[in-house]
$ cat start_22.json   # JSON, C-alpha atoms
[["chain", "number", "residue", "atom", "x", "y", "z"],
["A", 305, "MET", "CA", -24.82, -38.90, -0.61],
["A", 306, "SER", "CA", -28.59, -39.19, -0.38],
["A", 307, "ALA", "CA", -28.62, -36.00, 1.72],
["A", 308, "ALA", "CA", -26.55, -34.14, -0.90],
["A", 309, "ILE", "CA", -28.83, -35.29, -3.71],
["A", 310, "GLN", "CA", -31.89, -34.36, -1.63],
["A", 311, "LEU", "CA", -30.54, -30.81, -1.28],
["A", 312, "ALA", "CA", -30.13, -30.65, -5.08],
["A", 313, "SER", "CA", -33.65, -31.95, -5.56],
["A", 314, "ASP", "CA", -35.09, -29.45, -3.05],
["A", 315, "ASN", "CA", -33.38, -26.61, -4.95],
["A", 316, "VAL", "CA", -35.09, -27.60, -8.19],
["A", 317, "GLU", "CA", -38.40, -27.89, -6.35],
["A", 318, "THR", "CA", -38.18, -24.48, -4.66],
["A", 319, "GLY", "CA", -36.35, -22.60, -7.44],
["A", 320, "SER", "CA", -33.71, -21.49, -4.92],
["A", 321, "GLY", "CA", -30.70, -22.09, -7.16],
["A", 322, "GLY", "CA", -28.96, -24.62, -9.38],
["A", 323, "PRO", "CA", -29.56, -28.38, -9.00],
["A", 324, "PHE", "CA", -26.64, -29.05, -6.69],
["A", 325, "GLY", "CA", -26.17, -30.05, -3.06],
["A", 326, "ALA", "CA", -23.25, -30.98, -0.82],
["A", 327, "VAL", "CA", -22.72, -32.11, 2.76],
["A", 328, "VAL", "CA", -19.66, -32.29, 5.01],
["A", 329, "VAL", "CA", -19.37, -35.33, 7.27],
["A", 330, "LEU", "CA", -17.14, -35.78, 10.33],
["A", 331, "ASP", "CA", -17.14, -38.96, 12.43],
["A", 332, "GLY", "CA", -20.26, -40.24, 10.64],
["A", 333, "GLN", "CA", -22.27, -37.07, 11.34],
["A", 334, "ILE", "CA", -23.33, -34.39, 8.85],
["A", 335, "ILE", "CA", -21.83, -31.16, 10.24],
["A", 336, "ALA", "CA", -22.75, -28.85, 7.32],
["A", 337, "ARG", "CA", -25.13, -28.77, 4.37],
["A", 338, "GLY", "CA", -24.93, -26.59, 1.28],
["A", 339, "ASN", "CA", -27.33, -25.94, -1.54],
["A", 340, "ASN", "CA", -26.45, -23.88, -4.60],
["A", 341, "ARG", "CA", -27.49, -20.26, -3.89],
["A", 342, "VAL", "CA", -26.00, -18.40, -6.89],
["A", 343, "THR", "CA", -29.19, -16.82, -8.16],
["A", 344, "VAL", "CA", -31.02, -16.35, -4.87],
["A", 345, "ASP", "CA", -28.01, -14.67, -3.19],
["A", 346, "ASN", "CA", -26.61, -12.94, -6.32],
["A", 347, "ASP", "CA", -23.31, -14.67, -5.54],
["A", 348, "PRO", "CA", -21.51, -16.51, -8.37],
["A", 349, "THR", "CA", -19.32, -18.27, -5.78],
["A", 350, "ALA", "CA", -22.28, -19.74, -3.84],
["A", 351, "HIS", "CA", -22.00, -23.27, -5.22],
["A", 352, "ALA", "CA", -23.22, -26.04, -2.93],
["A", 353, "GLU", "CA", -19.69, -27.17, -2.04],
["A", 354, "ILE", "CA", -18.53, -23.64, -1.22],
["A", 355, "VAL", "CA", -21.60, -23.03, 0.94],
["A", 356, "ALA", "CA", -21.06, -26.36, 2.75],
["A", 357, "ILE", "CA", -17.30, -25.78, 3.24],
["A", 358, "ARG", "CA", -17.85, -22.28, 4.63],
["A", 359, "GLN", "CA", -20.52, -23.60, 6.98],
["A", 360, "ALA", "CA", -18.37, -26.54, 8.13],
["A", 361, "SER", "CA", -15.41, -24.21, 8.76],
["A", 362, "LYS", "CA", -17.65, -22.04, 10.91],
["A", 363, "VAL", "CA", -18.92, -25.08, 12.85],
["A", 364, "LEU", "CA", -15.37, -26.32, 13.45],
["A", 365, "GLY", "CA", -13.88, -22.86, 14.04],
["A", 366, "SER", "CA", -11.08, -23.79, 11.64],
["A", 367, "PHE", "CA", -10.00, -23.05, 8.09],
["A", 368, "GLN", "CA", -9.08, -26.72, 7.64],
["A", 369, "LEU", "CA", -11.62, -29.57, 7.34],
["A", 370, "THR", "CA", -9.21, -32.15, 8.73],
["A", 371, "ASN", "CA", -10.63, -35.71, 8.75],
["A", 372, "CYS", "CA", -13.87, -34.56, 7.10],
["A", 373, "ASP", "CA", -15.45, -36.11, 4.01],
["A", 374, "ILE", "CA", -17.37, -34.06, 1.45],
["A", 375, "TYR", "CA", -20.29, -35.56, -0.47],
["A", 376, "CYS", "CA", -21.32, -33.66, -3.62],
["A", 377, "SER", "CA", -24.34, -34.37, -5.81],
["A", 378, "CYS", "CA", -22.11, -33.57, -8.81],
["A", 379, "GLU", "CA", -18.36, -33.69, -9.49],
["A", 380, "PRO", "CA", -16.97, -30.39, -8.17],
["A", 381, "CYS", "CA", -16.28, -27.67, -10.76],
["A", 382, "PRO", "CA", -12.73, -26.22, -10.79],
["A", 383, "MET", "CA", -13.73, -23.47, -8.33],
["A", 384, "CYS", "CA", -15.12, -26.00, -5.87],
["A", 385, "LEU", "CA", -12.29, -28.47, -6.38],
["A", 386, "GLY", "CA", -9.84, -25.66, -5.68],
["A", 387, "ALA", "CA", -11.79, -24.80, -2.52],
["A", 388, "ILE", "CA", -11.66, -28.46, -1.50],
["A", 389, "TYR", "CA", -7.87, -28.51, -1.86],
["A", 390, "TRP", "CA", -7.58, -25.39, 0.30],
["A", 391, "ALA", "CA", -9.93, -26.89, 2.92],
["A", 392, "ARG", "CA", -7.97, -30.18, 2.88],
["A", 393, "PRO", "CA", -10.67, -32.74, 3.80],
["A", 394, "ALA", "CA", -9.81, -36.44, 3.90],
["A", 395, "ARG", "CA", -11.95, -37.62, 0.96],
["A", 396, "VAL", "CA", -14.44, -36.45, -1.65],
["A", 397, "PHE", "CA", -17.41, -38.39, -3.02],
["A", 398, "PHE", "CA", -19.53, -37.27, -5.96],
["A", 399, "ALA", "CA", -22.54, -38.61, -7.90],
["A", 400, "ALA", "CA", -23.09, -37.00, -11.34],
["A", 401, "ASN", "CA", -20.00, -35.95, -13.31],
["A", 402, "ARG", "CA", -18.86, -32.87, -15.25],
["A", 403, "HIS", "CA", -20.27, -34.22, -18.52],
["A", 404, "ASP", "CA", -23.67, -34.76, -16.95],
["A", 405, "ALA", "CA", -23.44, -31.13, -15.72],
["A", 406, "ALA", "CA", -22.59, -29.94, -19.25],
["A", 407, "LYS", "CA", -25.72, -31.67, -20.58],
["A", 408, "ALA", "CA", -27.71, -29.69, -17.98],
["A", 409, "GLN", "CA", -26.07, -26.55, -19.43],
["A", 410, "PHE", "CA", -23.50, -25.90, -16.70],
["A", 411, "ASP", "CA", -20.02, -24.70, -17.67],
["A", 412, "ASP", "CA", -17.91, -27.04, -15.51],
["A", 413, "SER", "CA", -16.43, -28.94, -18.42],
["A", 414, "PHE", "CA", -15.70, -25.72, -20.34],
["A", 415, "ILE", "CA", -13.91, -24.20, -17.34],
["A", 416, "TYR", "CA", -11.78, -27.35, -16.89],
["A", 417, "GLU", "CA", -10.68, -26.91, -20.51],
["A", 418, "GLN", "CA", -10.02, -23.18, -20.12],
["A", 419, "LEU", "CA", -7.73, -23.68, -17.11],
["A", 420, "ASN", "CA", -5.22, -25.55, -19.26],
["A", 421, "LEU", "CA", -5.01, -22.86, -21.93],
["A", 422, "ASP", "CA", -2.35, -20.15, -22.07],
["A", 423, "ASN", "CA", -3.54, -16.79, -20.76],
["A", 424, "ASP", "CA", -3.74, -15.39, -24.30],
["A", 425, "ASP", "CA", -5.96, -18.22, -25.51],
["A", 426, "ARG", "CA", -8.60, -18.01, -22.80],
["A", 427, "ALA", "CA", -12.18, -16.84, -23.34],
["A", 428, "ILE", "CA", -11.57, -14.28, -20.57],
["A", 429, "PRO", "CA", -8.29, -12.51, -21.46],
["A", 430, "MET", "CA", -5.63, -12.43, -18.73],
["A", 431, "GLN", "CA", -2.63, -10.10, -18.65],
["A", 432, "GLN", "CA", 0.27, -9.79, -16.22],
["A", 433, "PHE", "CA", 1.93, -6.55, -15.11],
["A", 434, "MET", "CA", 3.61, -5.03, -12.02],
["A", 435, "ARG", "CA", 5.08, -8.41, -11.06],
["A", 436, "ASP", "CA", 8.09, -6.93, -9.25],
["A", 437, "GLU", "CA", 5.93, -4.84, -6.92],
["A", 438, "ALA", "CA", 3.78, -7.86, -6.03],
["A", 439, "VAL", "CA", 6.74, -10.21, -5.45],
["A", 440, "THR", "CA", 8.05, -7.70, -2.90],
["A", 441, "ILE", "CA", 4.89, -8.31, -0.83],
["A", 442, "PHE", "CA", 5.58, -12.06, -0.80],
["A", 443, "GLU", "CA", 9.08, -11.33, 0.50],
["A", 444, "GLN", "CA", 7.60, -9.19, 3.28],
["A", 445, "TRP", "CA", 5.19, -12.06, 4.08],
["A", 446, "LEU", "CA", 8.04, -14.59, 4.35],
["A", 447, "ASP", "CA", 9.92, -12.20, 6.67],
["A", 448, "SER", "CA", 6.87, -11.39, 8.81],
["A", 449, "ASN", "CA", 6.50, -12.89, 12.28],
["A", 450, "ARG", "CA", 2.75, -12.13, 12.27],
["A", 451, "LYS", "CA", 1.94, -14.51, 9.42],
["A", 452, "ILE", "CA", -0.41, -17.48, 9.88],
["A", 453, "PRO", "CA", 0.33, -20.03, 7.09],
["A", 454, "TYR", "CA", -2.68, -21.86, 5.64],
["B", 20, "MET", "CA", -3.32, -2.82, -9.76],
["B", 21, "SER", "CA", -1.66, -0.57, -7.21],
["B", 22, "ALA", "CA", -4.84, -0.77, -5.11],
["B", 23, "ALA", "CA", -4.80, -4.59, -5.26],
["B", 24, "ILE", "CA", -1.14, -4.74, -4.26],
["B", 25, "GLN", "CA", -1.78, -2.23, -1.46],
["B", 26, "LEU", "CA", -4.49, -4.54, -0.05],
["B", 27, "ALA", "CA", -1.97, -7.39, -0.10],
["B", 28, "SER", "CA", 0.62, -5.24, 1.61],
["B", 29, "ASP", "CA", -1.87, -4.07, 4.26],
["B", 30, "ASN", "CA", -2.72, -7.71, 5.03],
["B", 31, "VAL", "CA", 0.93, -8.53, 5.72],
["B", 32, "GLU", "CA", 1.21, -5.41, 7.89],
["B", 33, "THR", "CA", -1.90, -6.15, 9.97],
["B", 34, "GLY", "CA", -1.65, -9.95, 10.02],
["B", 35, "SER", "CA", -5.25, -10.19, 8.75],
["B", 36, "GLY", "CA", -4.63, -12.94, 6.19],
["B", 37, "GLY", "CA", -2.45, -14.05, 3.30],
["B", 38, "PRO", "CA", -0.51, -11.55, 1.17],
["B", 39, "PHE", "CA", -3.16, -11.13, -1.51],
["B", 40, "GLY", "CA", -5.50, -8.38, -2.68],
["B", 41, "ALA", "CA", -7.96, -7.89, -5.53],
["B", 42, "VAL", "CA", -10.23, -5.14, -6.81],
["B", 43, "VAL", "CA", -13.14, -5.11, -9.26],
["B", 44, "VAL", "CA", -13.34, -2.14, -11.63],
["B", 45, "LEU", "CA", -16.33, -0.97, -13.67],
["B", 46, "ASP", "CA", -16.23, 2.10, -15.92],
["B", 47, "GLY", "CA", -12.88, 3.16, -14.45],
["B", 48, "GLN", "CA", -14.13, 3.03, -10.85],
["B", 49, "ILE", "CA", -13.23, 0.50, -8.15],
["B", 50, "ILE", "CA", -16.57, -1.01, -7.10],
["B", 51, "ALA", "CA", -15.24, -3.71, -4.75],
["B", 52, "ARG", "CA", -12.06, -4.53, -2.84],
["B", 53, "GLY", "CA", -11.03, -7.87, -1.39],
["B", 54, "ASN", "CA", -8.23, -8.88, 0.92],
["B", 55, "ASN", "CA", -7.44, -12.48, 1.80],
["B", 56, "ARG", "CA", -9.38, -13.34, 4.99],
["B", 57, "VAL", "CA", -8.81, -17.13, 5.28],
["B", 58, "THR", "CA", -7.27, -17.16, 8.75],
["B", 59, "VAL", "CA", -9.12, -14.21, 10.29],
["B", 60, "ASP", "CA", -12.54, -15.51, 9.15],
["B", 61, "ASN", "CA", -11.77, -19.25, 9.42],
["B", 62, "ASP", "CA", -12.90, -19.54, 5.80],
["B", 63, "PRO", "CA", -10.69, -21.44, 3.35],
["B", 64, "THR", "CA", -12.64, -19.90, 0.45],
["B", 65, "ALA", "CA", -12.00, -16.28, 1.53],
["B", 66, "HIS", "CA", -9.29, -15.54, -1.02],
["B", 67, "ALA", "CA", -8.99, -11.90, -2.10],
["B", 68, "GLU", "CA", -10.61, -12.53, -5.49],
["B", 69, "ILE", "CA", -13.56, -14.41, -3.97],
["B", 70, "VAL", "CA", -14.10, -11.67, -1.38],
["B", 71, "ALA", "CA", -13.95, -9.00, -4.11],
["B", 72, "ILE", "CA", -16.26, -10.92, -6.48],
["B", 73, "ARG", "CA", -18.85, -11.48, -3.74],
["B", 74, "GLN", "CA", -18.69, -7.81, -2.78],
["B", 75, "ALA", "CA", -18.98, -6.63, -6.41],
["B", 76, "SER", "CA", -21.96, -8.94, -7.01],
["B", 77, "LYS", "CA", -23.65, -7.44, -3.96],
["B", 78, "VAL", "CA", -22.94, -3.89, -5.18],
["B", 79, "LEU", "CA", -24.30, -4.68, -8.65],
["B", 80, "GLY", "CA", -27.19, -6.84, -7.41],
["B", 81, "SER", "CA", -26.20, -9.43, -10.00],
["B", 82, "PHE", "CA", -24.48, -12.80, -10.15],
["B", 83, "GLN", "CA", -22.64, -11.68, -13.31],
["B", 84, "LEU", "CA", -19.82, -9.09, -13.38],
["B", 85, "THR", "CA", -20.56, -8.06, -16.95],
["B", 86, "ASN", "CA", -18.10, -5.46, -18.34],
["B", 87, "CYS", "CA", -16.04, -5.50, -15.12],
["B", 88, "ASP", "CA", -12.28, -5.98, -14.90],
["B", 89, "ILE", "CA", -10.63, -7.79, -12.00],
["B", 90, "TYR", "CA", -7.15, -6.82, -10.82],
["B", 91, "CYS", "CA", -5.38, -9.40, -8.65],
["B", 92, "SER", "CA", -2.07, -8.96, -6.84],
["B", 93, "CYS", "CA", -1.28, -12.58, -7.81],
["B", 94, "GLU", "CA", -2.38, -14.91, -10.61],
["B", 95, "PRO", "CA", -5.67, -16.46, -9.44],
["B", 96, "CYS", "CA", -5.49, -19.98, -7.98],
["B", 97, "PRO", "CA", -7.79, -22.60, -9.60],
["B", 98, "MET", "CA", -10.56, -21.83, -7.10],
["B", 99, "CYS", "CA", -10.45, -18.12, -7.89],
["B", 100, "LEU", "CA", -10.04, -18.65, -11.62],
["B", 101, "GLY", "CA", -13.10, -20.90, -11.52],
["B", 102, "ALA", "CA", -15.00, -18.19, -9.63],
["B", 103, "ILE", "CA", -13.90, -15.67, -12.27],
["B", 104, "TYR", "CA", -15.29, -17.85, -15.06],
["B", 105, "TRP", "CA", -18.62, -18.14, -13.23],
["B", 106, "ALA", "CA", -18.72, -14.36, -12.63],
["B", 107, "ARG", "CA", -17.86, -13.68, -16.30],
["B", 108, "PRO", "CA", -16.00, -10.35, -16.10],
["B", 109, "ALA", "CA", -14.52, -8.81, -19.26],
["B", 110, "ARG", "CA", -10.83, -9.08, -18.38],
["B", 111, "VAL", "CA", -8.42, -10.18, -15.66],
["B", 112, "PHE", "CA", -5.10, -8.58, -14.76],
["B", 113, "PHE", "CA", -2.59, -10.05, -12.33],
["B", 114, "ALA", "CA", 0.85, -9.12, -10.97],
["B", 115, "ALA", "CA", 2.78, -12.01, -9.33],
["B", 116, "ASN", "CA", 2.32, -15.49, -10.81],
["B", 117, "ARG", "CA", 1.63, -19.00, -9.48],
["B", 118, "HIS", "CA", 5.35, -19.81, -9.23],
["B", 119, "ASP", "CA", 5.99, -16.69, -7.17],
["B", 120, "ALA", "CA", 3.11, -17.84, -4.92],
["B", 121, "ALA", "CA", 4.71, -21.30, -4.60],
["B", 122, "LYS", "CA", 7.97, -19.69, -3.42],
["B", 123, "ALA", "CA", 5.91, -17.94, -0.74],
["B", 124, "GLN", "CA", 4.61, -21.40, 0.29],
["B", 125, "PHE", "CA", 1.14, -21.21, -1.26],
["B", 126, "ASP", "CA", -0.31, -24.28, -2.97],
["B", 127, "ASP", "CA", -1.60, -22.68, -6.19],
["B", 128, "SER", "CA", 0.84, -24.44, -8.46],
["B", 129, "PHE", "CA", 0.28, -27.80, -6.74],
["B", 130, "ILE", "CA", -3.51, -27.46, -7.12],
["B", 131, "TYR", "CA", -3.17, -26.63, -10.84],
["B", 132, "GLU", "CA", -1.21, -29.91, -11.21],
["B", 133, "GLN", "CA", -3.73, -31.90, -9.18],
["B", 134, "LEU", "CA", -6.70, -30.78, -11.31],
["B", 135, "ASN", "CA", -5.26, -32.59, -14.33],
["B", 136, "LEU", "CA", -4.80, -35.92, -12.56],
["B", 137, "ASP", "CA", -7.27, -38.76, -12.64],
["B", 138, "ASN", "CA", -9.43, -39.03, -9.54],
["B", 139, "ASP", "CA", -7.49, -42.04, -8.31],
["B", 140, "ASP", "CA", -4.15, -40.25, -8.55],
["B", 141, "ARG", "CA", -5.07, -37.15, -6.59],
["B", 142, "ALA", "CA", -3.70, -36.28, -3.14],
["B", 143, "ILE", "CA", -7.33, -36.03, -1.96],
["B", 144, "PRO", "CA", -9.05, -39.25, -3.12],
["B", 145, "MET", "CA", -12.26, -38.82, -5.11],
["B", 146, "GLN", "CA", -14.86, -41.51, -5.72],
["B", 147, "GLN", "CA", -18.08, -41.52, -7.73],
["B", 148, "PHE", "CA", -21.29, -43.32, -6.78],
["B", 149, "MET", "CA", -25.10, -42.87, -7.07],
["B", 150, "ARG", "CA", -24.69, -41.24, -10.50],
["B", 151, "ASP", "CA", -28.13, -42.33, -11.76],
["B", 152, "GLU", "CA", -29.96, -40.71, -8.84],
["B", 153, "ALA", "CA", -28.10, -37.42, -9.38],
["B", 154, "VAL", "CA", -28.63, -37.35, -13.15],
["B", 155, "THR", "CA", -32.37, -37.57, -12.50],
["B", 156, "ILE", "CA", -32.15, -34.23, -10.67],
["B", 157, "PHE", "CA", -30.55, -32.63, -13.74],
["B", 158, "GLU", "CA", -33.44, -33.92, -15.85],
["B", 159, "GLN", "CA", -35.92, -32.37, -13.41],
["B", 160, "TRP", "CA", -33.95, -29.09, -13.65],
["B", 161, "LEU", "CA", -34.11, -29.07, -17.44],
["B", 162, "ASP", "CA", -37.86, -29.70, -17.29],
["B", 163, "SER", "CA", -38.50, -27.08, -14.59],
["B", 164, "ASN", "CA", -40.10, -23.76, -15.47],
["B", 165, "ARG", "CA", -38.83, -22.22, -12.21],
["B", 166, "LYS", "CA", -35.14, -22.53, -13.12],
["B", 167, "ILE", "CA", -32.92, -19.43, -13.45],
["B", 168, "PRO", "CA", -29.89, -20.39, -15.61],
["B", 169, "TYR", "CA", -26.52, -18.87, -14.60]]
$ encode --input "start_22.json" --output "structure tokens"
Amino acid sequence: MSAAIQLASDNVETGSGGPFGAVVVLDGQIIARGNNRVTVDNDPTAHAEIVAIRQASKVLGSFQLTNCDIYCSCEPCPMCLGAIYWARPARVFFAANRHDAAKAQFDDSFIYEQLNLDNDDRAIPMQQFMRDEAVTIFEQWLDSNRKIPY
Amino acid sequence: MSAAIQLASDNVETGSGGPFGAVVVLDGQIIARGNNRVTVDNDPTAHAEIVAIRQASKVLGSFQLTNCDIYCSCEPCPMCLGAIYWARPARVFFAANRHDAAKAQFDDSFIYEQLNLDNDDRAIPMQQFMRDEAVTIFEQWLDSNRKIPY
């Protein structure tokens, strides 16, 4: 966790991105490090956890972080928590929480609230159409013998 | 939306990834296209929406998709919905929904449920420690004159 917090601290020092860091650990060794790179890379998805997960996946040559632990300097936002579920590590540890992040003017807490609203009530409006056409693609996927489940 | 669904269909055809596509539209023009690339890139974060958002941010040279619309062949999973909130587009349109995705054996619906559980009750255990050390970094961020808010 000290390494994750150090990455967050370095980011503040260098102005490279938001005050967040994350590391992925396997068998007691850090296999990937991520610092927030949103502003420096012009990439709204480049949160520390996402950067670390992508790096760890590359190191392992796998889209699953089996048996890995992820240490985050702050409780993962919904995007990062979603990424963690898709990566399926063993455990997650975090230091600051979403309310601490809100005090530092980060939207994590707001986004957690938005996710539970109906589509019509969200700050970013969401509308559904062409469902039938899209469901057909899922049926083709289920029938395909080329599919790799993940 | 037809373009997003076509990307999903192409992915099933070519075996390049899950059956999902997304496009980002600005002023009536598609500025970025994303297909799911999880298995082909060994990247659990490479959902169609994330790929499209990263591409659009690169095209615009900005970490904000101001005035853009995002069309997704399926309702965004929590990771992608989080990414959408961070990218702050104007509107989101989707075709299939999370329950359709669940029938095609994708975890979206499960992850939405998990996000609302307490840390102790989640399928991936989450534990907090070293909060004080991490909160200090947020204080340094707030005091920094090099910070770029996002």
$ atom_distance --input "start_22.json" --atom1 "atom CA of Asn401 of chain A" --atom2 "atom CA of Cys381 of chain A"
9.4 Å
$ calpha_fit_and_write --input "start_22.json" --fixed "chain B" --moving "chain A" --output "short mmCIF file (atom, residue, chain, number, x, y, z; two decimals) with C-alpha atoms, in the coordinates of the input"
data_model
loop_
_atom_site.label_atom_id
_atom_site.label_comp_id
_atom_site.auth_asym_id
_atom_site.auth_seq_id
_atom_site.Cartn_x
_atom_site.Cartn_y
_atom_site.Cartn_z
CA MET A 305 -3.32 -2.83 -9.77
CA SER A 306 -1.66 -0.57 -7.22
CA ALA A 307 -4.84 -0.78 -5.10
CA ALA A 308 -4.80 -4.60 -5.25
CA ILE A 309 -1.14 -4.73 -4.26
CA GLN A 310 -1.78 -2.21 -1.47
CA LEU A 311 -4.48 -4.52 -0.05
CA ALA A 312 -1.96 -7.40 -0.10
CA SER A 313 0.63 -5.23 1.61
CA ASP A 314 -1.87 -4.07 4.27
CA ASN A 315 -2.70 -7.72 5.02
CA VAL A 316 0.94 -8.53 5.72
CA GLU A 317 1.21 -5.41 7.88
CA THR A 318 -1.89 -6.15 9.97
CA GLY A 319 -1.64 -9.96 10.02
CA SER A 320 -5.23 -10.19 8.75
CA GLY A 321 -4.61 -12.96 6.22
CA GLY A 322 -2.45 -14.06 3.31
CA PRO A 323 -0.52 -11.54 1.18
CA PHE A 324 -3.16 -11.13 -1.50
CA GLY A 325 -5.50 -8.38 -2.67
CA ALA A 326 -7.96 -7.89 -5.52
CA VAL A 327 -10.23 -5.14 -6.81
CA VAL A 328 -13.14 -5.10 -9.26
CA VAL A 329 -13.35 -2.14 -11.63
CA LEU A 330 -16.34 -0.98 -13.68
CA ASP A 331 -16.24 2.10 -15.92
CA GLY A 332 -12.88 3.16 -14.44
CA GLN A 333 -14.14 3.04 -10.84
CA ILE A 334 -13.24 0.50 -8.15
CA ILE A 335 -16.59 -1.01 -7.10
CA ALA A 336 -15.24 -3.72 -4.74
CA ARG A 337 -12.07 -4.53 -2.84
CA GLY A 338 -11.02 -7.87 -1.38
CA ASN A 339 -8.23 -8.88 0.92
CA ASN A 340 -7.45 -12.49 1.80
CA ARG A 341 -9.38 -13.34 4.99
CA VAL A 342 -8.80 -17.12 5.28
CA THR A 343 -7.28 -17.15 8.74
CA VAL A 344 -9.12 -14.21 10.28
CA ASP A 345 -12.55 -15.50 9.15
CA ASN A 346 -11.78 -19.25 9.42
CA ASP A 347 -12.92 -19.53 5.80
CA PRO A 348 -10.69 -21.43 3.34
CA THR A 349 -12.65 -19.89 0.44
CA ALA A 350 -11.99 -16.28 1.53
CA HIS A 351 -9.28 -15.53 -1.02
CA ALA A 352 -8.98 -11.90 -2.10
CA GLU A 353 -10.61 -12.54 -5.49
CA ILE A 354 -13.56 -14.41 -3.96
CA VAL A 355 -14.09 -11.67 -1.38
CA ALA A 356 -13.93 -8.99 -4.11
CA ILE A 357 -16.26 -10.90 -6.49
CA ARG A 358 -18.84 -11.49 -3.76
CA GLN A 359 -18.70 -7.82 -2.79
CA ALA A 360 -18.97 -6.63 -6.41
CA SER A 361 -21.95 -8.94 -7.01
CA LYS A 362 -23.65 -7.45 -3.98
CA VAL A 363 -22.94 -3.89 -5.19
CA LEU A 364 -24.31 -4.68 -8.65
CA GLY A 365 -27.19 -6.84 -7.41
CA SER A 366 -26.19 -9.44 -10.00
CA PHE A 367 -24.46 -12.80 -10.15
CA GLN A 368 -22.64 -11.68 -13.31
CA LEU A 369 -19.82 -9.09 -13.38
CA THR A 370 -20.57 -8.05 -16.95
CA ASN A 371 -18.11 -5.46 -18.33
CA CYS A 372 -16.06 -5.50 -15.12
CA ASP A 373 -12.30 -5.98 -14.90
CA ILE A 374 -10.63 -7.79 -12.00
CA TYR A 375 -7.16 -6.81 -10.82
CA CYS A 376 -5.38 -9.40 -8.65
CA SER A 377 -2.07 -8.96 -6.84
CA CYS A 378 -1.28 -12.57 -7.82
CA GLU A 379 -2.38 -14.91 -10.61
CA PRO A 380 -5.67 -16.45 -9.44
CA CYS A 381 -5.49 -19.98 -7.99
CA PRO A 382 -7.79 -22.59 -9.60
CA MET A 383 -10.57 -21.82 -7.09
CA CYS A 384 -10.44 -18.12 -7.89
CA LEU A 385 -10.05 -18.65 -11.62
CA GLY A 386 -13.10 -20.90 -11.53
CA ALA A 387 -14.99 -18.18 -9.64
CA ILE A 388 -13.90 -15.66 -12.26
CA TYR A 389 -15.29 -17.84 -15.05
CA TRP A 390 -18.62 -18.14 -13.22
CA ALA A 391 -18.72 -14.36 -12.62
CA ARG A 392 -17.86 -13.70 -16.30
CA PRO A 393 -16.01 -10.35 -16.10
CA ALA A 394 -14.55 -8.80 -19.25
CA ARG A 395 -10.84 -9.08 -18.37
CA VAL A 396 -8.43 -10.18 -15.66
CA PHE A 397 -5.10 -8.57 -14.75
CA PHE A 398 -2.59 -10.05 -12.33
CA ALA A 399 0.86 -9.12 -10.96
CA ALA A 400 2.79 -12.01 -9.34
CA ASN A 401 2.31 -15.49 -10.81
CA ARG A 402 1.63 -19.00 -9.47
CA HIS A 403 5.35 -19.79 -9.24
CA ASP A 404 5.99 -16.69 -7.18
CA ALA A 405 3.11 -17.85 -4.92
CA ALA A 406 4.70 -21.31 -4.60
CA LYS A 407 7.96 -19.70 -3.44
CA ALA A 408 5.91 -17.93 -0.73
CA GLN A 409 4.62 -21.39 0.26
CA PHE A 410 1.15 -21.20 -1.28
CA ASP A 411 -0.31 -24.28 -2.97
CA ASP A 412 -1.61 -22.69 -6.19
CA SER A 413 0.84 -24.45 -8.46
CA PHE A 414 0.26 -27.81 -6.73
CA ILE A 415 -3.52 -27.48 -7.12
CA TYR A 416 -3.16 -26.64 -10.84
CA GLU A 417 -1.23 -29.90 -11.20
CA GLN A 418 -3.74 -31.92 -9.16
CA LEU A 419 -6.69 -30.79 -11.29
CA ASN A 420 -5.27 -32.59 -14.32
CA LEU A 421 -4.80 -35.91 -12.54
CA ASP A 422 -7.28 -38.78 -12.64
CA ASN A 423 -9.45 -39.02 -9.53
CA ASP A 424 -7.49 -42.05 -8.30
CA ASP A 425 -4.16 -40.26 -8.55
CA ARG A 426 -5.08 -37.16 -6.58
CA ALA A 427 -3.70 -36.28 -3.15
CA ILE A 428 -7.32 -36.04 -1.95
CA PRO A 429 -9.04 -39.26 -3.12
CA MET A 430 -12.26 -38.82 -5.11
CA GLN A 431 -14.86 -41.53 -5.72
CA GLN A 432 -18.08 -41.54 -7.73
CA PHE A 433 -21.31 -43.32 -6.78
CA MET A 434 -25.10 -42.88 -7.09
CA ARG A 435 -24.70 -41.23 -10.50
CA ASP A 436 -28.13 -42.32 -11.77
CA GLU A 437 -29.96 -40.71 -8.85
CA ALA A 438 -28.09 -37.42 -9.37
CA VAL A 439 -28.61 -37.34 -13.15
CA THR A 440 -32.36 -37.58 -12.50
CA ILE A 441 -32.16 -34.22 -10.68
CA PHE A 442 -30.55 -32.61 -13.74
CA GLU A 443 -33.43 -33.92 -15.85
CA GLN A 444 -35.91 -32.37 -13.42
CA TRP A 445 -33.95 -29.09 -13.64
CA LEU A 446 -34.10 -29.07 -17.46
CA ASP A 447 -37.87 -29.71 -17.29
CA SER A 448 -38.50 -27.09 -14.59
CA ASN A 449 -40.10 -23.76 -15.47
CA ARG A 450 -38.82 -22.22 -12.21
CA LYS A 451 -35.14 -22.51 -13.13
CA ILE A 452 -32.90 -19.44 -13.45
CA PRO A 453 -29.87 -20.39 -15.62
CA TYR A 454 -26.53 -18.87 -14.61
#
$ closest_residue --input "start_22.json" --among "A:His351, A:Val342, A:Gln432, A:Ile388" --to "Gln83 of chain B" --atoms "all atoms listed in the file"
A:Val342
$ atom_distance --input "start_22.json" --atom1 "atom CA of Asp422 of chain A" --atom2 "atom CA of Asn54 of chain B"
26.3 Å
$ atom_distance --input "start_22.json" --atom1 "atom CA of Ala120 of chain B" --atom2 "atom CA of Ala71 of chain B"
19.2 Å
$ closest_residue --input "start_22.json" --among "A:Asp404, A:Ser361, A:Ala350, A:Ala391" --to "Thr155 of chain B" --atoms "all atoms listed in the file"
A:Asp404
$ closest_residue --input "start_22.json" --among "A:Tyr389, A:Ile334, A:Pro453, A:Ala400" --to "Ser128 of chain B" --atoms "all atoms listed in the file"
A:Tyr389
